[in-house]
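Student: Next up, target.txt (compact mmCIF, C-alpha atoms).
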```txt
# COMPACT_ATOMS: atom_id res chain seq x y z
CA MET A 12 2.08 -14.50 -11.55
CA ASP A 13 5.30 -16.29 -10.75
CA ILE A 14 5.57 -17.65 -7.19
CA GLN A 15 9.20 -18.32 -6.29
CA ASN A 16 11.54 -18.01 -3.31
CA ILE A 17 8.84 -17.61 -0.68
CA PRO A 18 9.40 -19.79 2.37
CA PHE A 19 6.43 -21.26 4.22
CA GLY A 20 4.86 -18.71 6.54
CA THR A 21 1.63 -17.71 8.18
CA THR A 22 -0.06 -14.32 8.51
CA ASP A 23 -2.16 -13.08 11.41
CA TRP A 24 -4.10 -10.42 9.47
CA SER A 25 -5.21 -8.71 12.68
CA LYS A 26 -1.56 -7.79 13.31
CA VAL A 27 -0.89 -6.31 9.85
CA GLU A 28 -0.95 -2.50 9.94
CA PRO A 29 -4.05 -1.11 8.19
CA THR A 30 -3.93 1.67 5.60
CA LEU A 31 -6.94 3.80 4.67
CA HIS A 32 -7.96 4.32 1.02
CA PRO A 33 -10.94 6.63 0.40
CA GLY A 34 -13.32 5.90 -2.46
CA THR A 35 -15.69 8.28 -4.24
CA THR A 36 -17.91 7.36 -1.30
CA GLY A 37 -16.93 5.27 1.69
CA GLN A 38 -13.50 3.87 2.34
CA ALA A 39 -11.36 0.77 2.02
CA ILE A 40 -9.08 -0.47 4.77
CA TRP A 41 -6.19 -2.53 3.44
CA ARG A 42 -3.92 -4.91 5.34
CA THR A 43 -1.14 -5.72 2.88
CA ARG A 44 1.71 -8.21 2.74
CA GLN A 45 4.29 -8.27 -0.04
CA PHE A 46 5.99 -11.53 -1.05
CA GLY A 47 8.49 -10.80 -3.81
CA SER A 48 6.42 -9.71 -6.80
CA ILE A 49 3.14 -10.85 -5.23
CA ARG A 50 0.87 -8.57 -3.19
CA VAL A 51 -1.65 -10.21 -0.84
CA ARG A 52 -4.34 -8.10 0.87
CA MET A 53 -7.20 -8.40 3.29
CA VAL A 54 -9.48 -5.50 2.35
CA GLU A 55 -12.56 -4.20 4.16
CA TYR A 56 -14.95 -1.90 2.26
CA SER A 57 -17.28 0.26 4.33
CA PRO A 58 -21.03 0.27 3.59
CA GLY A 59 -21.71 2.63 0.69
CA TYR A 60 -18.20 2.27 -0.77
CA LEU A 61 -17.73 3.20 -4.45
CA ALA A 62 -14.31 3.00 -6.08
CA ASP A 63 -12.97 6.32 -7.34
CA HIS A 64 -11.76 4.89 -10.68
CA TRP A 65 -12.04 2.09 -13.23
CA CYS A 66 -9.32 -0.45 -12.44
CA GLU A 67 -7.40 -2.24 -15.19
CA LYS A 68 -5.16 -4.28 -12.88
CA GLY A 69 -5.42 -8.05 -12.73
CA HIS A 70 -6.55 -9.71 -9.50
CA ILE A 71 -7.77 -12.89 -7.94
CA LEU A 72 -10.38 -11.84 -5.41
CA LEU A 73 -12.36 -13.88 -2.85
CA CYS A 74 -15.32 -12.43 -0.96
CA LEU A 75 -15.17 -13.45 2.71
CA ALA A 76 -18.06 -11.41 4.14
CA GLY A 77 -20.75 -8.98 2.97
CA SER A 78 -21.37 -8.47 -0.73
CA LEU A 79 -19.41 -6.82 -3.52
CA SER A 80 -20.81 -5.47 -6.76
CA THR A 81 -18.37 -5.26 -9.66
CA GLU A 82 -19.30 -3.46 -12.86
CA LEU A 83 -17.33 -3.97 -16.06
CA LYS A 84 -16.81 -1.07 -18.48
CA ASP A 85 -19.11 -2.84 -20.99
CA GLY A 86 -22.01 -2.58 -18.50
CA ARG A 87 -22.08 -6.14 -17.15
CA ARG A 88 -22.47 -6.42 -13.34
CA PHE A 89 -21.47 -9.22 -11.01
CA GLU A 90 -22.43 -9.67 -7.37
CA LEU A 91 -20.08 -11.59 -5.09
CA THR A 92 -21.21 -13.02 -1.78
CA PRO A 93 -19.14 -14.98 0.76
CA GLY A 94 -17.36 -17.91 -0.85
CA MET A 95 -17.49 -16.44 -4.38
CA SER A 96 -14.47 -15.15 -6.28
CA TYR A 97 -13.47 -13.51 -9.52
CA GLN A 98 -10.29 -13.41 -11.52
CA VAL A 99 -9.23 -10.98 -14.24
CA ALA A 100 -5.94 -10.39 -16.06
CA ASP A 101 -4.04 -7.10 -16.24
CA GLY A 102 -5.64 -4.90 -18.91
CA ALA A 103 -8.34 -7.46 -19.73
CA GLU A 104 -11.57 -5.80 -18.60
CA PRO A 105 -11.76 -2.50 -16.70
CA HIS A 106 -13.83 -2.93 -13.54
CA GLN A 107 -15.23 -0.77 -10.75
CA SER A 108 -16.25 -2.05 -7.32
CA SER A 109 -18.95 -0.93 -4.92
CA THR A 110 -20.90 -2.26 -1.96
CA ALA A 111 -24.11 -1.14 -0.32
CA THR A 112 -23.61 -3.24 2.82
CA GLY A 113 -19.82 -3.50 3.19
CA ALA A 114 -17.53 -6.36 2.24
CA THR A 115 -14.37 -8.15 3.37
CA LEU A 116 -12.17 -9.46 0.57
CA PHE A 117 -8.96 -11.46 0.16
CA ILE A 118 -7.05 -10.25 -2.91
CA VAL A 119 -3.93 -11.55 -4.64
CA ASP A 120 -2.23 -9.65 -7.45
CA LYS A 121 1.16 -8.51 -8.71
CA LYS A 122 3.32 -5.95 -6.97
CA PRO A 123 2.16 -2.48 -8.09
CA VAL A 124 4.35 -0.36 -10.35
CA GLY A 125 6.71 1.92 -8.44
CA THR A 126 6.83 0.06 -5.11
CA GLN A 127 10.15 -0.76 -3.56
CA SER A 128 11.01 -3.31 -0.90
CA ALA A 129 13.89 -2.88 1.50
CA ASN A 130 14.65 -5.18 4.44
CA GLY A 131 11.18 -6.72 4.15
CA LEU A 132 9.40 -3.34 4.32
CA THR A 133 7.30 -2.02 1.45
CA CYS A 134 7.45 1.65 0.55
CA ARG A 135 4.26 2.66 -1.26
CA ILE A 136 5.22 5.13 -3.98
CA LYS A 137 2.27 4.33 -6.25
CA LEU A 138 -0.47 2.19 -4.73
CA GLY A 139 -1.97 0.95 -7.96
CA CYS A 140 -5.61 0.02 -7.82
CA ALA A 141 -7.03 1.49 -4.62
CA SER A 142 -10.42 -0.15 -4.86
CA ASP A 143 -9.56 -3.75 -5.60
```
Could the structure of this file be written out as structure tokens, please?
Tutor:
Amino acid sequence: MDIQNIPFGTTDWSKVEPTLHPGTTGQAIWRTRQFGSIRVRMVEYSPGYLADHWCEKGHILLCLAGSLSTELKDGRRFELTPGMSYQVADGAEPHQSSTATGATLFIVDKKPVGTQSANGLTCRIKLGCASD
């Protein structure tokens, strides 16, 4: 991740328009900001959420509330609770997220393939990893 040409700014996440992303079960509500090639999201998973795919995208993820279970393709499982984070590189270890109780996450990753920015607005052509 290369952070360049981003002036100092603040974000009131309650004022960022939410987008709905259904999982196999439950749903994720994303509030997304795009800063050059960097995507920053506040994501809320509903209780009972299960991602609809195995994600291979890299992320830095911080659990703010609730709990998040992440399973790796090799069978290992990790439980995040508030204050815990994980990081994974693009293509490193496929992962799938779920939560029994719901979770609020702060996620930083690279701009997804196929998105375009114009006049500060992001057009979502391909959303990338819907669950992370």
Student: Given the point (-9.8, -15.2, -1.9) in the coordinates of this file, which residues lie within 7 Å, counting all atoms listed in the file, and how would they look as an NGL selection string?
Tutor: :A and (71-74 or 96 or 116-118)
Student: Keeping only C-alpha atoms, write the selected residues as an mmCIF file, keeping the file's coordinate frame.
Tutor:
```cif
data_model
loop_
_atom_site.group_PDB
_atom_site.id
_atom_site.type_symbol
_atom_site.label_atom_id
_atom_site.label_comp_id
_atom_site.auth_asym_id
_atom_site.auth_seq_id
_atom_site.Cartn_x
_atom_site.Cartn_y
_atom_site.Cartn_z
ATOM 1 C CA ILE A 71 -7.770 -12.890 -7.940
ATOM 2 C CA LEU A 72 -10.380 -11.840 -5.410
ATOM 3 C CA LEU A 73 -12.360 -13.880 -2.850
ATOM 4 C CA CYS A 74 -15.320 -12.430 -0.960
ATOM 5 C CA SER A 96 -14.470 -15.150 -6.280
ATOM 6 C CA LEU A 116 -12.170 -9.460 0.570
ATOM 7 C CA PHE A 117 -8.960 -11.460 0.160
ATOM 8 C CA ILE A 118 -7.050 -10.250 -2.910
#
```
Student: Here is a test: counting all atoms listed in the file, which residue of A:Thr30, A:Ser57, A:Asn16, A:Ser80 is nearest to Arg44 (chain A)?
Tutor: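 Of all the options, A:Thr30 lies closest to Arg44 (chain A).
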Student: May I ask for the distance between CA of Gly34 (chain A) and CA of His106 (chain A), given in Å to one decimal place?
Tutor: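 These two atoms are separated by 14.2 Å.
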Student: What gap, in Å, lies between CA of Pro105 (chain A) and CA of Leu75 (chain A)?
Tutor: 22.5 Å
Student: Quick one: pull the distance between CA of Gly86 (chain A) and CA of Pro123 (chain A), Å, one decimal.
Tutor: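 Separation of CA of Gly86 (chain A) and CA of Pro123 (chain A): 26.3 Å.
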Student: Under the rule that all atoms listed in the file are counted, which of A:Ser48, A:Thr81, A:Ser25, A:Gln38 is the nearest residue to Ser108 (chain A)?
Tutor: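 Checking each of A:Ser48, A:Thr81, A:Ser25, A:Gln38 against Ser108 (chain A), counting all atoms listed in the file, the winner is A:Thr81.
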Student: Select, from A:Thr35, A:Thr22, A:Gln98, A:Gln15, the residue with the minimum atom-to-atom distance to Trp65 (chain A), counting all atoms listed in the file.
Tutor: A:Thr35
Student: Pick the closest to Lys84 (chain A) from A:Gly47, A:Glu104, A:Tyr56, A:Asp63: which is it, counting all atoms listed in the file?
Tutor: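 Result for the nearest residue to Lys84 (chain A): A:Glu104.
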